[in-house]
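Data from start-v9.cif: mmCIF, C-alpha atoms
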```
data_data
loop_
_atom_site.group_PDB
_atom_site.id
_atom_site.type_symbol
_atom_site.label_atom_id
_atom_site.label_comp_id
_atom_site.auth_asym_id
_atom_site.auth_seq_id
_atom_site.Cartn_x
_atom_site.Cartn_y
_atom_site.Cartn_z
ATOM 1 C CA MET A 1 24.001 -0.565 -18.127
ATOM 2 C CA LYS A 2 21.699 2.419 -17.761
ATOM 3 C CA ASN A 3 19.045 2.938 -20.411
ATOM 4 C CA PHE A 4 19.218 6.541 -21.649
ATOM 5 C CA ALA A 5 15.923 6.382 -23.537
ATOM 6 C CA GLY A 6 14.306 9.801 -23.868
ATOM 7 C CA GLU A 7 17.445 11.639 -22.746
ATOM 8 C CA GLU A 8 19.757 13.911 -24.736
ATOM 9 C CA LEU A 9 23.531 13.768 -24.679
ATOM 10 C CA TYR A 10 25.666 16.909 -24.946
ATOM 11 C CA TRP A 11 29.324 17.081 -25.930
ATOM 12 C CA CYS A 12 31.247 19.371 -23.550
ATOM 13 C CA ARG A 13 34.531 19.609 -21.755
ATOM 14 C CA LEU A 14 33.994 18.886 -18.058
ATOM 15 C CA LYS A 15 36.614 20.660 -15.952
ATOM 16 C CA ASN A 16 37.334 20.655 -12.242
ATOM 17 C CA GLU A 17 38.840 23.774 -10.715
ATOM 18 C CA ASP A 18 39.286 23.792 -6.939
ATOM 19 C CA GLY A 19 36.431 21.343 -6.484
ATOM 20 C CA THR A 20 34.034 23.232 -8.779
ATOM 21 C CA PHE A 21 32.923 21.491 -11.960
ATOM 22 C CA PHE A 22 31.969 23.425 -15.047
ATOM 23 C CA LEU A 23 31.202 22.775 -18.690
ATOM 24 C CA SER A 24 32.891 24.647 -21.510
ATOM 25 C CA ASP A 25 33.295 24.521 -25.299
ATOM 26 C CA ASP A 26 31.202 22.676 -27.873
ATOM 27 C CA ASP A 27 27.552 22.376 -26.794
ATOM 28 C CA VAL A 28 27.426 25.058 -24.080
ATOM 29 C CA ILE A 29 25.570 27.545 -26.297
ATOM 30 C CA HIS A 30 23.253 24.813 -27.523
ATOM 31 C CA ILE A 31 22.437 23.817 -23.947
ATOM 32 C CA THR A 32 21.611 27.332 -22.792
ATOM 33 C CA ARG A 33 20.312 29.214 -25.826
ATOM 34 C CA VAL A 34 18.725 26.488 -27.960
ATOM 35 C CA MET A 35 17.526 23.925 -25.422
ATOM 36 C CA ARG A 36 17.167 26.687 -22.783
ATOM 37 C CA HIS A 37 18.296 24.605 -19.837
ATOM 38 C CA GLN A 38 18.375 26.531 -16.578
ATOM 39 C CA ASN A 39 19.584 26.215 -13.002
ATOM 40 C CA GLY A 40 18.201 23.052 -11.425
ATOM 41 C CA ASP A 41 18.051 21.032 -14.647
ATOM 42 C CA PHE A 42 19.733 17.625 -14.942
ATOM 43 C CA ILE A 43 21.582 16.906 -18.180
ATOM 44 C CA TYR A 44 23.981 14.259 -19.543
ATOM 45 C CA VAL A 45 27.363 15.251 -20.969
ATOM 46 C CA THR A 46 30.485 13.604 -22.377
ATOM 47 C CA ASP A 47 33.822 14.756 -23.728
ATOM 48 C CA GLY A 48 34.328 11.605 -25.813
ATOM 49 C CA ASP A 49 36.408 9.605 -23.335
ATOM 50 C CA GLY A 50 33.867 6.794 -22.941
ATOM 51 C CA LYS A 51 32.212 8.344 -19.886
ATOM 52 C CA ILE A 52 28.769 9.929 -19.583
ATOM 53 C CA HIS A 53 28.216 12.314 -16.684
ATOM 54 C CA LYS A 54 24.879 13.195 -15.170
ATOM 55 C CA VAL A 55 25.197 16.742 -13.868
ATOM 56 C CA LEU A 56 22.999 19.327 -12.181
ATOM 57 C CA ILE A 57 23.150 22.851 -13.588
ATOM 58 C CA CYS A 58 23.999 25.299 -10.784
ATOM 59 C CA ASP A 59 24.889 28.509 -12.615
ATOM 60 C CA VAL A 60 24.782 29.545 -16.275
ATOM 61 C CA ASN A 61 27.386 31.987 -17.577
ATOM 62 C CA ARG A 62 28.065 33.250 -21.070
ATOM 63 C CA ASP A 63 30.766 30.767 -22.009
ATOM 64 C CA LYS A 64 30.530 28.102 -19.315
ATOM 65 C CA ILE A 65 28.069 26.318 -17.054
ATOM 66 C CA VAL A 66 28.794 25.555 -13.401
ATOM 67 C CA VAL A 67 27.481 22.099 -12.506
ATOM 68 C CA GLU A 68 27.343 19.564 -9.716
ATOM 69 C CA LYS A 69 28.484 16.110 -10.750
ATOM 70 C CA ILE A 70 25.752 13.632 -9.780
ATOM 71 C CA GLU A 71 26.727 10.334 -11.388
ATOM 72 C CA GLU A 72 29.223 8.869 -13.842
ATOM 73 C CA TYR A 73 28.603 6.039 -16.297
ATOM 74 C CA LYS A 74 31.497 4.215 -17.966
ATOM 75 C CA ILE A 75 30.480 2.880 -21.366
ATOM 76 C CA PRO A 76 32.627 -0.005 -22.661
ATOM 77 C CA ASN A 77 33.951 0.501 -26.181
ATOM 78 C CA ARG A 78 33.269 -3.049 -27.310
ATOM 79 C CA LEU A 79 34.335 -2.353 -30.928
ATOM 80 C CA LYS A 80 37.572 -0.486 -30.174
ATOM 81 C CA ASN A 81 39.729 -3.083 -31.971
ATOM 82 C CA PHE A 82 37.865 -2.736 -35.261
ATOM 83 C CA ILE A 83 38.702 -0.166 -37.925
ATOM 84 C CA ILE A 84 36.242 0.272 -40.760
ATOM 85 C CA GLY A 85 37.865 0.983 -44.109
ATOM 86 C CA ILE A 86 35.990 3.472 -46.288
ATOM 87 C CA PRO A 87 37.132 4.047 -49.889
ATOM 88 C CA ARG A 88 36.701 7.309 -51.758
ATOM 89 C CA LEU A 89 33.173 7.048 -53.128
ATOM 90 C CA LYS A 90 31.205 8.925 -55.739
ATOM 91 C CA GLY A 91 29.478 11.489 -53.545
ATOM 92 C CA ASN A 92 30.348 12.451 -49.972
ATOM 93 C CA ASP A 93 26.717 11.962 -48.993
ATOM 94 C CA LYS A 94 27.319 8.214 -49.177
ATOM 95 C CA ILE A 95 30.290 8.474 -46.832
ATOM 96 C CA GLU A 96 28.361 10.685 -44.427
ATOM 97 C CA PHE A 97 25.489 8.177 -44.391
ATOM 98 C CA LEU A 98 27.939 5.380 -43.604
ATOM 99 C CA LEU A 99 29.625 7.293 -40.799
ATOM 100 C CA GLU A 100 26.296 8.131 -39.220
ATOM 101 C CA LYS A 101 25.075 4.525 -39.227
ATOM 102 C CA LEU A 102 28.420 3.011 -38.225
ATOM 103 C CA THR A 103 28.655 5.410 -35.289
ATOM 104 C CA GLU A 104 25.137 4.509 -34.183
ATOM 105 C CA ILE A 105 26.167 0.837 -34.229
ATOM 106 C CA GLY A 106 29.159 1.644 -32.017
ATOM 107 C CA PHE A 107 32.208 1.966 -34.301
ATOM 108 C CA SER A 108 34.525 4.911 -33.708
ATOM 109 C CA ARG A 109 37.615 4.172 -35.826
ATOM 110 C CA PHE A 110 37.575 4.804 -39.564
ATOM 111 C CA LEU A 111 40.255 4.494 -42.236
ATOM 112 C CA PHE A 112 39.729 6.400 -45.483
ATOM 113 C CA PHE A 113 41.695 5.053 -48.414
ATOM 114 C CA GLU A 114 42.372 5.495 -52.106
ATOM 115 C CA SER A 115 41.918 2.522 -54.409
ATOM 116 C CA ASP A 116 42.641 1.746 -58.076
ATOM 117 C CA TYR A 117 38.989 2.064 -59.066
ATOM 118 C CA CYS A 118 38.049 4.970 -56.812
ATOM 119 C CA VAL A 119 36.061 7.893 -58.121
ATOM 120 C CA GLY A 120 35.046 11.079 -56.338
ATOM 121 C CA LYS A 121 36.670 14.233 -55.042
ATOM 122 C CA GLY A 122 38.481 13.282 -51.865
ATOM 123 C CA PHE A 123 37.612 13.266 -48.176
ATOM 124 C CA LYS A 124 36.067 16.028 -46.072
ATOM 125 C CA THR A 125 37.252 15.105 -42.592
ATOM 126 C CA GLU A 126 35.989 18.237 -40.824
ATOM 127 C CA ARG A 127 32.488 17.557 -42.126
ATOM 128 C CA TYR A 128 32.803 13.874 -41.191
ATOM 129 C CA GLU A 129 33.677 14.779 -37.599
ATOM 130 C CA LYS A 130 30.489 16.845 -37.317
ATOM 131 C CA VAL A 131 28.397 13.976 -38.691
ATOM 132 C CA ILE A 132 29.997 11.523 -36.267
ATOM 133 C CA ARG A 133 29.551 13.894 -33.322
ATOM 134 C CA ALA A 134 25.839 14.299 -34.078
ATOM 135 C CA ALA A 135 25.377 10.529 -34.408
ATOM 136 C CA SER A 136 27.292 9.943 -31.161
ATOM 137 C CA LYS A 137 24.994 12.268 -29.256
ATOM 138 C CA GLN A 138 21.889 10.701 -30.757
ATOM 139 C CA SER A 139 22.987 7.131 -29.989
ATOM 140 C CA PHE A 140 24.749 7.819 -26.644
ATOM 141 C CA THR A 141 28.072 6.423 -27.889
ATOM 142 C CA PRO A 142 30.574 8.660 -26.040
ATOM 143 C CA PHE A 143 33.730 7.949 -28.027
ATOM 144 C CA SER A 144 35.861 10.499 -29.847
ATOM 145 C CA PRO A 145 36.347 9.283 -33.418
ATOM 146 C CA GLU A 146 39.684 8.284 -34.889
ATOM 147 C CA LEU A 147 39.917 9.286 -38.548
ATOM 148 C CA ILE A 148 42.833 7.824 -40.512
ATOM 149 C CA ILE A 149 43.607 8.763 -44.115
ATOM 150 C CA THR A 150 45.932 6.776 -46.347
ATOM 151 C CA LYS A 151 46.591 7.489 -50.018
ATOM 152 C CA ASN A 152 48.670 4.368 -50.630
ATOM 153 C CA PHE A 153 46.578 1.216 -50.475
ATOM 154 C CA LYS A 154 49.603 -0.819 -49.357
ATOM 155 C CA ASP A 155 49.863 1.297 -46.202
ATOM 156 C CA ILE A 156 46.716 -0.373 -44.891
ATOM 157 C CA PHE A 157 48.780 -3.541 -44.455
ATOM 158 C CA ASN A 158 51.615 -1.801 -42.597
ATOM 159 C CA ARG A 159 49.702 -1.094 -39.383
ATOM 160 C CA GLY A 160 50.316 -4.548 -37.890
ATOM 161 C CA ALA A 161 46.589 -5.312 -37.946
ATOM 162 C CA ASP A 162 44.672 -8.205 -39.451
ATOM 163 C CA VAL A 163 43.301 -6.830 -42.730
ATOM 164 C CA ILE A 164 40.043 -8.463 -43.783
ATOM 165 C CA GLY A 165 38.991 -8.031 -47.405
ATOM 166 C CA PHE A 166 35.843 -8.844 -49.350
ATOM 167 C CA ASP A 167 35.569 -10.280 -52.834
ATOM 168 C CA LEU A 168 32.552 -11.707 -54.634
ATOM 169 C CA GLU A 169 34.679 -14.626 -55.884
ATOM 170 C CA ALA A 170 36.107 -15.558 -52.482
ATOM 171 C CA GLU A 171 35.311 -19.123 -51.431
ATOM 172 C CA VAL A 172 34.691 -18.557 -47.707
ATOM 173 C CA ARG A 173 31.557 -16.826 -46.445
ATOM 174 C CA PHE A 174 32.090 -14.013 -43.948
ATOM 175 C CA THR A 175 29.420 -15.497 -41.697
ATOM 176 C CA SER A 176 32.049 -18.080 -40.686
ATOM 177 C CA TYR A 177 34.507 -15.409 -39.538
ATOM 178 C CA ILE A 178 35.343 -15.427 -35.826
ATOM 179 C CA PRO A 179 36.712 -12.054 -34.616
ATOM 180 C CA ASN A 180 39.974 -12.058 -32.690
ATOM 181 C CA MET A 181 39.144 -9.956 -29.649
ATOM 182 C CA GLU A 182 42.821 -9.402 -28.830
ATOM 183 C CA ALA A 183 43.953 -8.114 -32.237
ATOM 184 C CA GLU A 184 43.307 -4.978 -34.245
ATOM 185 C CA GLN A 185 41.273 -5.721 -37.361
ATOM 186 C CA ILE A 186 40.603 -3.591 -40.435
ATOM 187 C CA LEU A 187 37.609 -4.341 -42.645
ATOM 188 C CA VAL A 188 38.193 -3.345 -46.278
ATOM 189 C CA CYS A 189 35.451 -3.195 -48.889
ATOM 190 C CA GLY A 190 36.205 -1.873 -52.358
ATOM 191 C CA PRO A 191 34.813 1.260 -54.037
ATOM 192 C CA GLU A 192 32.138 1.252 -56.728
ATOM 193 C CA GLY A 193 34.450 -0.600 -59.122
ATOM 194 C CA GLY A 194 35.586 -3.097 -56.501
ATOM 195 C CA LEU A 195 39.142 -3.938 -55.494
ATOM 196 C CA SER A 196 41.597 -4.536 -58.330
ATOM 197 C CA LYS A 197 43.473 -7.806 -58.788
ATOM 198 C CA ARG A 198 46.620 -6.016 -57.649
ATOM 199 C CA GLU A 199 44.944 -4.963 -54.424
ATOM 200 C CA LEU A 200 43.354 -8.357 -53.809
ATOM 201 C CA SER A 201 46.789 -9.988 -54.133
ATOM 202 C CA LEU A 202 47.939 -8.112 -51.017
ATOM 203 C CA PHE A 203 45.520 -9.981 -48.771
ATOM 204 C CA LYS A 204 46.354 -13.287 -47.191
ATOM 205 C CA ASN A 205 44.137 -15.959 -48.735
ATOM 206 C CA GLU A 206 42.535 -16.773 -45.406
ATOM 207 C CA ASN A 207 41.607 -13.107 -44.962
ATOM 208 C CA LEU A 208 39.428 -12.806 -48.077
ATOM 209 C CA TYR A 209 35.718 -13.407 -47.627
ATOM 210 C CA ARG A 210 32.509 -13.336 -49.627
ATOM 211 C CA LEU A 211 29.625 -11.404 -48.086
ATOM 212 C CA THR A 212 26.765 -12.608 -50.272
ATOM 213 C CA LYS A 213 26.192 -14.395 -53.571
ATOM 214 C CA ASN A 214 24.943 -11.220 -55.207
ATOM 215 C CA ARG A 215 26.883 -8.029 -55.870
ATOM 216 C CA LEU A 216 26.413 -5.227 -53.328
ATOM 217 C CA LYS A 217 26.938 -1.503 -53.540
ATOM 218 C CA SER A 218 30.037 -0.336 -51.677
ATOM 219 C CA GLU A 219 28.104 1.368 -48.905
ATOM 220 C CA THR A 220 25.835 -1.664 -48.515
ATOM 221 C CA ALA A 221 28.815 -4.017 -48.253
ATOM 222 C CA ILE A 222 30.547 -1.815 -45.668
ATOM 223 C CA LEU A 223 27.440 -1.527 -43.527
ATOM 224 C CA TYR A 224 26.494 -5.199 -43.846
ATOM 225 C CA SER A 225 29.975 -6.492 -42.911
ATOM 226 C CA SER A 226 30.106 -4.104 -39.952
ATOM 227 C CA ILE A 227 26.727 -5.233 -38.679
ATOM 228 C CA LEU A 228 27.830 -8.871 -38.897
ATOM 229 C CA ILE A 229 30.914 -8.048 -36.785
ATOM 230 C CA SER A 230 28.904 -6.021 -34.261
ATOM 231 C CA SER A 231 26.387 -8.833 -33.816
ATOM 232 C CA GLN A 232 29.175 -11.159 -32.635
ATOM 233 C CA ILE A 233 30.664 -8.818 -30.011
#
```

Show this structure as structure tokens.
Amino acid sequence: MKNFAGEELYWCRLKNEDGTFFLSDDDVIHITRVMRHQNGDFIYVTDGDGKIHKVLICDVNRDKIVVEKIEEYKIPNRLKNFIIGIPRLKGNDKIEFLLEKLTEIGFSRFLFFESDYCVGKGFKTERYEKVIRAASKQSFTPFSPELIITKNFKDIFNRGADVIGFDLEAEVRFTSYIPNMEAEQILVCGPEGGLSKRELSLFKNENLYRLTKNRLKSETAILYSSILISSQI
């Protein structure tokens, strides 16, 4: 796979009209007015479909850029079957930090949920999308995010996916977990107060794991479990 070190990725809609390619929406103004790219410059763009296009700028207009398509790179979404559960936390800055780092790792599917011990003021999905978009461009992960919100904790188990939970008193270490590459899996860490006994009872016994011997903050547990999964794929 191509190494994009030193390059910058822009998020644009690449359209083809009568054999002419042009960029529109999103980063067009940033490309022309902030980065001041001009005719003859090569840039990399994506519209979040897993493809990165190398294009040559041919003509710059006010609301679109005419380009010549030079090369296309298909980036495999190796973590597409994994959904990272994120509870309502005390402070949206924690959630934004998580989304940034998880996107850099390669995750693009996130499930926001309410829990018995949740605190905080709800979810700001529009802001989250901006954070994810910025992290995607920085890390060259060209995947549009999927943001799922559920208010009923039980609904997490109604998606037909394998739901993996974490509990400090679980007997099995998560390091022994072998991901099923053919099935959808949801990783669920509790909020600051952890998962309640009622919520833990919804998991199958074989789907409850212990991350470490010591207690972790929610954001640490979410990031750590995700990194362990990513390292196996």

Open item on the list: Between A:Gly6, A:Ile83, A:Gly120, A:Lys90, which residue has the minimum interatomic distance to Thr103 of chain A, considering only C-alpha atoms?
Closed with: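 Of all the options, A:Ile83 lies closest to Thr103 of chain A.
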
Contacts of Pro142 of chain A at 7 Å (only C-alpha atoms; same-chain gap of 4+ positions) as a short mmCIF file (atom, residue, chain, number, x, y, z; two decimals) with C-alpha atoms, in the coordinates of the input:
```cif
data_model
loop_
_atom_site.label_atom_id
_atom_site.label_comp_id
_atom_site.auth_asym_id
_atom_site.auth_seq_id
_atom_site.Cartn_x
_atom_site.Cartn_y
_atom_site.Cartn_z
CA THR A 46 30.48 13.60 -22.38
CA GLY A 48 34.33 11.60 -25.81
CA ASP A 49 36.41 9.60 -23.34
CA GLY A 50 33.87 6.79 -22.94
CA LYS A 51 32.21 8.34 -19.89
CA ILE A 52 28.77 9.93 -19.58
CA SER A 136 27.29 9.94 -31.16
#
```

TODO: Using the chain letters and numbers from the file, give me the residues hit by the PyMOL selection byres ((chain A and resi 93-101) around 8), as a PyMOL selection string.
DONE: chain A and resi 86+89-92+102-105+128+131-132+135+219+222-223

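For the set A:Lys69, A:Lys54, A:Arg215, A:Arg173, the residue with the smallest atom-to-atom gap to Tyr10 of chain A is A:Lys54, counting all atoms listed in the file.
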
So that I can see what lies close to His53 of chain A, please list as a compact mmCIF listing (two decimals) with C-alpha atoms, keeping the file's coordinate frame the residues with an atom at most 9 Å from it, counting all atoms listed in the file and leaving out residues fewer than 5 positions away in the same chain.
```txt
# COMPACT_ATOMS: atom_id res chain seq x y z
CA LEU A 14 33.99 18.89 -18.06
CA ILE A 43 21.58 16.91 -18.18
CA TYR A 44 23.98 14.26 -19.54
CA VAL A 45 27.36 15.25 -20.97
CA THR A 46 30.48 13.60 -22.38
CA LYS A 69 28.48 16.11 -10.75
CA ILE A 70 25.75 13.63 -9.78
CA GLU A 71 26.73 10.33 -11.39
CA GLU A 72 29.22 8.87 -13.84
CA TYR A 73 28.60 6.04 -16.30
CA LYS A 74 31.50 4.22 -17.97
```

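Around Ile57 of chain A, within 9 Å and counting all atoms listed in the file, the residues found are Phe22, His37, Gln38, Asn39, Gly40, Asp41, Phe42, Ile43, Ile65, Val66, Val67 and Glu68 of chain A, once anything fewer than 6 positions away on its own chain is removed.
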
Open item on the list: Nearest residue to Phe140 of chain A out of A:Ile75, A:Val172, A:Ala161, A:Cys58, using all atoms listed in the file?
Closed with: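 Of A:Ile75, A:Val172, A:Ala161, A:Cys58, the one nearest Phe140 of chain A, counting all atoms listed in the file, is A:Ile75.
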